[in-house]
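Next comes upload04.cif, a file with mmCIF, C-alpha atoms.
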```cif
data_structure
loop_
_atom_site.label_atom_id
_atom_site.label_comp_id
_atom_site.auth_asym_id
_atom_site.auth_seq_id
_atom_site.Cartn_x
_atom_site.Cartn_y
_atom_site.Cartn_z
CA MET P 38 145.60 -24.20 153.38
CA ARG P 39 142.64 -26.04 154.86
CA LYS P 40 142.77 -28.55 152.03
CA HIS P 41 146.46 -29.19 152.72
CA LYS P 42 145.67 -29.81 156.39
CA GLU P 43 142.96 -32.31 155.47
CA ILE P 44 145.38 -34.14 153.17
CA ALA P 45 147.99 -34.19 155.92
CA VAL P 46 145.49 -35.62 158.45
CA ARG P 47 144.37 -38.32 155.99
CA THR P 48 148.02 -39.17 155.30
CA VAL P 49 148.77 -39.57 159.02
CA LYS P 50 145.69 -41.77 159.47
CA LEU P 51 146.73 -43.90 156.51
CA LEU P 52 150.24 -44.32 157.93
CA VAL P 53 148.81 -45.37 161.30
CA ILE P 54 146.57 -47.96 159.62
CA ILE P 55 149.46 -49.31 157.55
CA SER P 56 151.67 -49.52 160.65
CA CYS P 57 148.98 -51.42 162.54
CA CYS P 58 148.52 -53.82 159.65
CA VAL P 59 152.26 -54.49 159.43
CA PHE P 60 152.47 -55.04 163.22
CA CYS P 61 149.49 -57.39 163.24
CA SER P 62 150.82 -59.27 160.23
CA CYS P 63 154.26 -59.76 161.82
CA SER P 64 152.68 -60.82 165.13
CA ALA P 65 150.33 -63.22 163.39
CA VAL P 66 153.18 -64.79 161.42
CA LYS P 67 155.15 -65.22 164.64
CA HIS P 68 152.11 -66.69 166.41
CA PHE P 69 151.20 -69.20 163.70
CA ARG P 70 154.79 -70.26 163.09
CA ARG P 71 155.20 -74.04 163.32
CA GLU P 72 155.76 -75.20 166.90
CA LYS P 73 159.25 -76.49 167.62
CA PRO P 74 159.73 -79.79 169.48
CA PRO P 75 159.17 -81.08 172.02
CA TYR P 76 155.50 -80.74 171.13
CA ASP P 77 153.03 -80.07 173.93
CA GLN P 78 151.67 -83.62 173.87
CA GLU P 79 155.21 -84.95 174.45
CA LEU P 80 155.88 -82.94 177.58
CA SER P 81 153.86 -85.09 179.99
CA ALA P 82 154.82 -88.47 178.47
CA GLY P 83 157.22 -89.30 181.31
CA TYR P 84 154.55 -88.53 183.89
CA GLU P 85 152.02 -90.76 182.17
CA GLN P 86 154.49 -93.64 181.79
CA THR P 87 155.42 -93.67 185.49
CA THR P 88 153.42 -96.04 187.72
CA LEU P 89 153.30 -95.45 191.45
CA LYS P 90 154.51 -98.32 193.69
CA ALA P 91 155.96 -100.06 190.63
CA SER P 92 158.31 -97.85 188.54
CA THR P 93 161.93 -97.75 189.72
CA SER P 94 164.44 -94.94 189.30
CA ALA P 95 165.90 -96.72 186.27
CA ASP P 96 162.42 -96.97 184.72
CA VAL P 97 161.77 -93.29 185.39
CA LEU P 98 165.10 -92.05 184.03
CA ALA P 99 164.41 -93.83 180.78
CA VAL P 100 161.15 -91.97 180.20
CA ILE P 101 161.28 -88.52 181.81
CA HIS P 102 164.63 -87.12 180.65
CA LYS P 103 164.89 -85.77 177.08
CA PRO P 104 168.46 -84.45 176.67
CA GLN P 105 167.91 -83.94 172.92
CA TYR P 106 165.63 -81.03 173.88
CA GLY P 107 168.10 -79.50 176.29
CA GLU P 108 166.31 -80.69 179.44
CA LEU P 109 168.28 -80.36 182.67
CA LEU P 110 168.39 -83.41 184.96
CA SER P 111 168.42 -82.81 188.72
CA GLN P 112 168.67 -85.61 191.30
CA SER P 113 168.78 -86.13 195.04
CA LYS P 114 168.78 -89.39 197.01
CA SER P 115 165.04 -89.82 196.50
CA VAL P 116 163.91 -87.37 193.77
CA ILE P 117 164.53 -87.13 190.02
CA ALA P 118 163.43 -84.10 188.00
CA SER P 119 163.87 -83.24 184.32
CA GLN P 120 163.21 -79.61 183.40
CA GLY P 121 163.11 -77.86 180.04
CA GLN P 122 162.17 -74.61 178.37
CA LYS P 123 161.46 -73.10 174.95
CA LYS P 124 160.00 -69.95 173.35
CA GLN P 125 163.05 -68.05 174.58
CA GLY P 126 162.27 -69.07 178.13
CA HIS P 127 158.58 -68.11 178.04
CA GLN P 128 157.50 -71.75 178.38
CA LEU P 129 158.85 -73.89 181.23
CA TRP P 130 158.05 -77.48 182.16
CA PHE P 131 159.23 -80.33 184.34
CA ASN P 132 158.54 -83.97 185.12
CA MET P 133 159.48 -85.08 188.64
CA VAL P 134 159.27 -88.36 190.55
CA ALA P 135 159.97 -89.08 194.24
CA PHE P 136 160.86 -92.57 195.49
CA ASN P 137 160.62 -94.60 198.66
CA GLU P 138 164.22 -94.72 199.93
CA ASP P 139 163.84 -98.34 201.09
CA THR P 140 161.91 -99.98 198.25
CA LEU P 141 163.09 -97.52 195.53
CA ALA P 142 159.57 -97.54 194.06
CA ALA P 143 157.93 -94.35 192.79
CA MET P 144 155.71 -92.80 195.48
CA ARG P 145 154.93 -89.36 194.01
CA LYS P 146 154.96 -88.03 190.46
CA TYR P 147 154.45 -84.55 189.04
CA PHE P 148 154.05 -82.78 185.71
CA PHE P 149 154.05 -79.00 185.32
CA THR P 150 154.11 -76.57 182.40
CA VAL P 151 153.55 -72.84 182.18
CA ASP P 152 153.38 -70.79 178.97
CA GLU P 153 153.64 -67.06 179.63
CA LYS P 154 153.86 -65.93 176.01
CA GLY P 155 150.71 -64.11 174.91
CA ARG P 156 149.01 -64.54 171.58
CA ALA P 157 149.40 -62.18 168.66
CA PHE P 158 147.73 -58.74 168.72
CA LEU P 159 143.93 -59.02 168.67
CA VAL P 160 144.09 -62.84 168.57
CA GLY P 161 143.45 -63.30 172.32
CA PRO P 162 145.34 -64.41 175.44
CA ARG P 163 147.31 -67.62 175.53
CA ARG P 164 149.03 -67.63 178.92
CA SER P 165 148.37 -70.93 180.63
CA LEU P 166 149.49 -73.33 183.36
CA ILE P 167 149.00 -77.04 183.98
CA PHE P 168 149.97 -78.90 187.14
CA GLU P 169 149.30 -82.61 187.65
CA SER P 170 150.32 -84.78 190.57
CA GLU P 171 149.69 -88.28 191.84
CA MET P 172 151.01 -89.53 195.16
CA VAL P 173 150.70 -92.21 197.81
CA LEU P 174 149.27 -90.48 200.86
CA GLN P 175 150.94 -90.64 204.25
CA GLN P 176 149.19 -93.02 206.59
CA ASP P 177 148.64 -90.41 209.30
CA VAL P 178 146.68 -88.27 206.84
CA LEU P 179 144.44 -91.23 206.01
CA ASP P 180 143.95 -92.39 209.62
CA LYS P 181 143.36 -89.01 211.23
CA PRO P 182 139.77 -88.50 212.47
CA TYR P 183 138.15 -85.57 210.68
CA THR P 184 135.05 -83.65 211.68
CA ASP P 185 133.65 -83.99 208.16
CA GLU P 186 134.58 -84.87 204.57
CA ASN P 187 135.40 -81.26 203.73
CA SER P 188 138.08 -81.16 206.43
CA ARG P 189 139.53 -84.40 205.07
CA GLN P 190 139.67 -83.03 201.51
CA ILE P 191 141.42 -79.86 202.69
CA ALA P 192 143.96 -81.87 204.71
CA ILE P 193 144.74 -84.04 201.68
CA LEU P 194 145.21 -80.99 199.44
CA GLU P 195 147.55 -79.53 202.07
CA GLN P 196 149.52 -82.79 201.93
CA VAL P 197 149.77 -82.46 198.15
CA LEU P 198 151.18 -78.95 198.55
CA ASN P 199 153.61 -79.89 201.35
CA SER P 200 154.95 -82.93 199.48
CA THR P 201 155.36 -80.88 196.29
CA ARG P 202 157.30 -78.19 198.15
CA LYS P 203 159.54 -80.76 199.83
CA ASP P 204 160.32 -82.67 196.62
CA ILE P 205 161.05 -79.53 194.58
CA ALA P 206 163.30 -78.18 197.35
CA GLU P 207 165.45 -81.32 197.09
CA VAL P 208 166.34 -80.71 193.45
CA ALA P 209 165.92 -76.96 192.91
CA LEU P 210 169.17 -75.76 194.45
CA ASP P 211 171.06 -76.03 191.16
CA ASN P 212 168.12 -75.16 188.89
CA LYS P 213 166.56 -71.71 189.21
CA ALA P 214 163.80 -72.55 186.70
CA LEU P 215 162.60 -75.41 188.91
CA ASP P 216 162.48 -73.02 191.84
CA ILE P 217 160.35 -70.59 189.78
CA CYS P 218 157.97 -73.42 188.82
CA GLY P 219 157.70 -74.38 192.48
CA MET P 220 156.77 -70.84 193.46
CA LEU P 221 153.99 -70.79 190.82
CA ILE P 222 152.60 -74.10 192.09
CA ASN P 223 152.77 -72.88 195.68
CA GLN P 224 150.99 -69.63 194.77
CA THR P 225 148.25 -71.51 192.93
CA LEU P 226 147.51 -74.13 195.60
CA GLN P 227 147.71 -71.52 198.35
CA THR P 228 145.06 -69.52 196.48
CA VAL P 229 142.76 -72.56 196.46
CA LEU P 230 143.41 -73.36 200.13
CA GLN P 231 142.72 -69.76 201.12
CA LYS P 232 139.35 -69.93 199.37
CA MET P 233 138.53 -73.11 201.30
CA ASP P 234 139.78 -71.66 204.56
CA ASP P 235 137.25 -68.85 204.08
CA SER P 236 134.50 -71.29 203.05
CA PRO P 237 135.26 -74.98 203.87
CA ALA P 238 132.12 -76.15 202.06
CA LEU P 239 133.89 -75.37 198.76
CA ALA P 240 136.11 -78.42 199.35
CA SER P 241 133.16 -80.61 198.35
CA LYS P 242 133.71 -79.45 194.75
CA LEU P 243 137.25 -80.84 194.55
CA ASP P 244 136.13 -84.33 193.55
CA ASP P 245 133.18 -83.10 191.49
CA ALA P 246 133.24 -83.92 187.78
CA ASN P 247 133.54 -80.21 186.97
CA GLY P 248 136.09 -79.50 189.70
CA PHE P 249 136.40 -76.25 191.61
CA ASN P 250 136.69 -72.95 189.72
CA PHE P 251 138.77 -70.09 191.10
CA ASP P 252 140.58 -66.92 190.02
CA HIS P 253 144.37 -66.76 189.85
CA ILE P 254 146.07 -63.43 190.53
CA THR P 255 147.93 -63.34 187.17
CA LEU P 256 146.61 -66.17 184.96
CA GLY P 257 142.89 -65.55 185.34
CA LYS P 258 140.34 -68.34 185.50
CA GLY P 259 141.44 -71.67 186.93
CA ASN P 260 140.07 -75.09 187.78
CA ILE P 261 141.25 -77.83 190.14
CA ARG P 262 140.07 -81.42 190.50
CA MET P 263 141.25 -83.90 193.11
CA ASN P 264 140.32 -87.56 193.55
CA VAL P 265 141.32 -90.10 196.19
CA ALA P 266 141.28 -93.85 195.51
CA ASP P 267 142.46 -96.07 198.37
CA ASP P 268 145.75 -94.45 199.46
CA ILE P 269 146.49 -92.56 196.23
CA VAL P 270 145.47 -88.98 195.51
CA SER P 271 145.52 -87.43 192.05
CA ALA P 272 145.18 -83.70 191.47
CA LYS P 273 145.00 -81.63 188.29
CA VAL P 274 145.10 -77.85 187.97
CA LYS P 275 144.55 -75.86 184.77
CA LEU P 276 144.84 -72.09 184.53
CA GLY P 277 144.41 -69.44 181.85
CA SER P 278 143.46 -69.94 178.24
CA ILE P 279 143.95 -73.71 178.36
CA THR P 280 140.67 -73.95 180.28
CA TRP P 281 138.67 -72.29 177.50
CA THR P 282 136.35 -74.10 175.09
CA PHE P 283 133.98 -72.71 172.46
CA GLU P 284 130.90 -74.13 174.22
CA ASP P 285 131.82 -72.75 177.65
CA PRO P 286 134.71 -70.25 177.80
CA PHE P 287 135.69 -71.38 181.29
CA ALA P 288 135.06 -75.12 181.06
CA LEU P 289 137.96 -77.49 181.70
CA GLU P 290 139.25 -79.04 178.51
CA GLU P 291 139.70 -82.81 178.43
#
```
Go ahead and express the file in the form of structure tokens.
Amino acid sequence: MRKHKEIAVRTVKLLVIISCCVFCSCSAVKHFRREKPPYDQELSAGYEQTTLKASTSADVLAVIHKPQYGELLSQSKSVIASQGQKKQGHQLWFNMVAFNEDTLAAMRKYFFTVDEKGRAFLVGPRRSLIFESEMVLQQDVLDKPYTDENSRQIAILEQVLNSTRKDIAEVALDNKALDICGMLINQTLQTVLQKMDDSPALASKLDDANGFNFDHITLGKGNIRMNVADDIVSAKVKLGSITWTFEDPFALEE
């Protein structure tokens, strides 16, 4: 009787091991399956090909919208956005450009992508987010007298957030995915601003070569860098596994 019990226990253990192997194998196959287009390096092409103060709406339309990949085009009087998704909706992205209504030149541009699909079992996390923006700053933000450079940096980052909110709101009414992306951006930048509200000295790290590291409520480790040249500010945020490297697990990848 005891021998039969031992055989039964070993059989159950073997079945559990086999089940785990099958699950891992299926997950691994799914994870290493060839990526479908558009490939990650293609997603930000429209952003990179748009030049502030020079590109027109016709120039932008020609480079940011990829209808062959099912991207949805949303437009207002001064904003154009092209948004797409893949991995059964687990990965979302958009390219967006805002224009001066008088000169029709590009004044603000944005690229965003979030991948919420985790890696295969035991392979490690993959959830990640990238947000990039470049914009011509409002003159009142540049001319305002600040008590110190940290206050100026915080005010500029607030302008980045406010402009992003405004531009997304203009084109998100008919595109729920754009609205979701906007909420993620808002949550991320608000997290950074809250940290700097608690400790303004942290703002000095924004234009540092290594940026400012912070923790996101759902995507883990994050990094933001912001640089101002003349009247143009550029900001880049990376969250989650995309910030990992082998040398330093939380270093920002280039």
Point (145.4, -65.4, 184.8) neighbourhood (10 Å, only C-alpha atoms) written as number ranges by chain: P: 153, 162-166, 252-259, 276-278
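For the structure shown here, the set of residues caught by the PyMOL selection byres ((chain P and resi 111) around 10) is P:His102, P:Glu108, P:Leu109, P:Leu110, P:Gln112, P:Ser113, P:Val116, P:Ile117, P:Ala118, P:Ser119, P:Gln120, P:Met133, P:Ile205, P:Glu207, P:Val208, P:Ala209, P:Leu210, P:Asp211, P:Asn212, P:Leu215.
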Asp234 in chain P surroundings by all atoms listed in the file, 12 Å radius, close-in-sequence under 4 positions cut, as a list of chain:residue names: P:Asn187, P:Ser188, P:Gln190, P:Ile191, P:Ala192, P:Leu194, P:Glu195, P:Gln227, P:Thr228, P:Val229, P:Leu230, P:Ala238, P:Leu239, P:Ala240
Residue subset to file, keeping C-alpha atoms, as a compact mmCIF listing (two decimals), in the coordinates of the input:
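result_34.txt written:
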```txt
# COMPACT_ATOMS: atom_id res chain seq x y z
CA ASN P 187 135.40 -81.26 203.73
CA SER P 188 138.08 -81.16 206.43
CA GLN P 190 139.67 -83.03 201.51
CA ILE P 191 141.42 -79.86 202.69
CA ALA P 192 143.96 -81.87 204.71
CA LEU P 194 145.21 -80.99 199.44
CA GLU P 195 147.55 -79.53 202.07
CA GLN P 227 147.71 -71.52 198.35
CA THR P 228 145.06 -69.52 196.48
CA VAL P 229 142.76 -72.56 196.46
CA LEU P 230 143.41 -73.36 200.13
CA ALA P 238 132.12 -76.15 202.06
CA LEU P 239 133.89 -75.37 198.76
CA ALA P 240 136.11 -78.42 199.35
```
Edge lengths and centre in Å to one decimal, as AutoDock Vina command-line options, of the axis-aligned box that encloses all listed atoms of range 201-215 of chain P with 4 Å added on every side?
```
--center_x 163.2 --center_y -77.2 --center_z 193.3 --size_x 23.7 --size_y 19.0 --size_z 21.1
```
Answer as a ChimeraX atom specification, residues within 6 Å of (158.3, -89.9, 195.0) using all atoms listed in the file: /P:134-136,143-146
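The coordinates place CA of Leu129 in chain P at 22.3 Å from CA of Arg262 in chain P.
What separates CA of Val197 in chain P from CA of Lys154 in chain P is a distance of 27.9 Å.
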The PyMOL selection byres ((chain P and resi 172-176) around 8) applied to the shown file, residues as a PyMOL selection string: chain P and resi 89+144-146+170-171+177-180+193+196-197+268-271
Residues returned when the PyMOL selection byres ((chain P and resi 97) around 9) runs on this file, as a ChimeraX atom specification: /P:83-84,86-87,92-96,98-102,117,134,143
Within 10 Å of Glu169 in chain P using only C-alpha atoms, minus same-chain residues under 2 positions, as a PyMOL selection string: chain P and resi 81+84+132+146-150+167+171+261-263+271-275
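Computed from the coordinates, the CA of Phe131 in chain P to CA of Asp245 in chain P distance equals 27.2 Å.
Of the residues listed (P:Gln224, P:Asp244, P:Asp185, P:Ala82), P:Asp244 shows the shortest atom-to-atom separation from Ala266 in chain P; distances use all atoms listed in the file.
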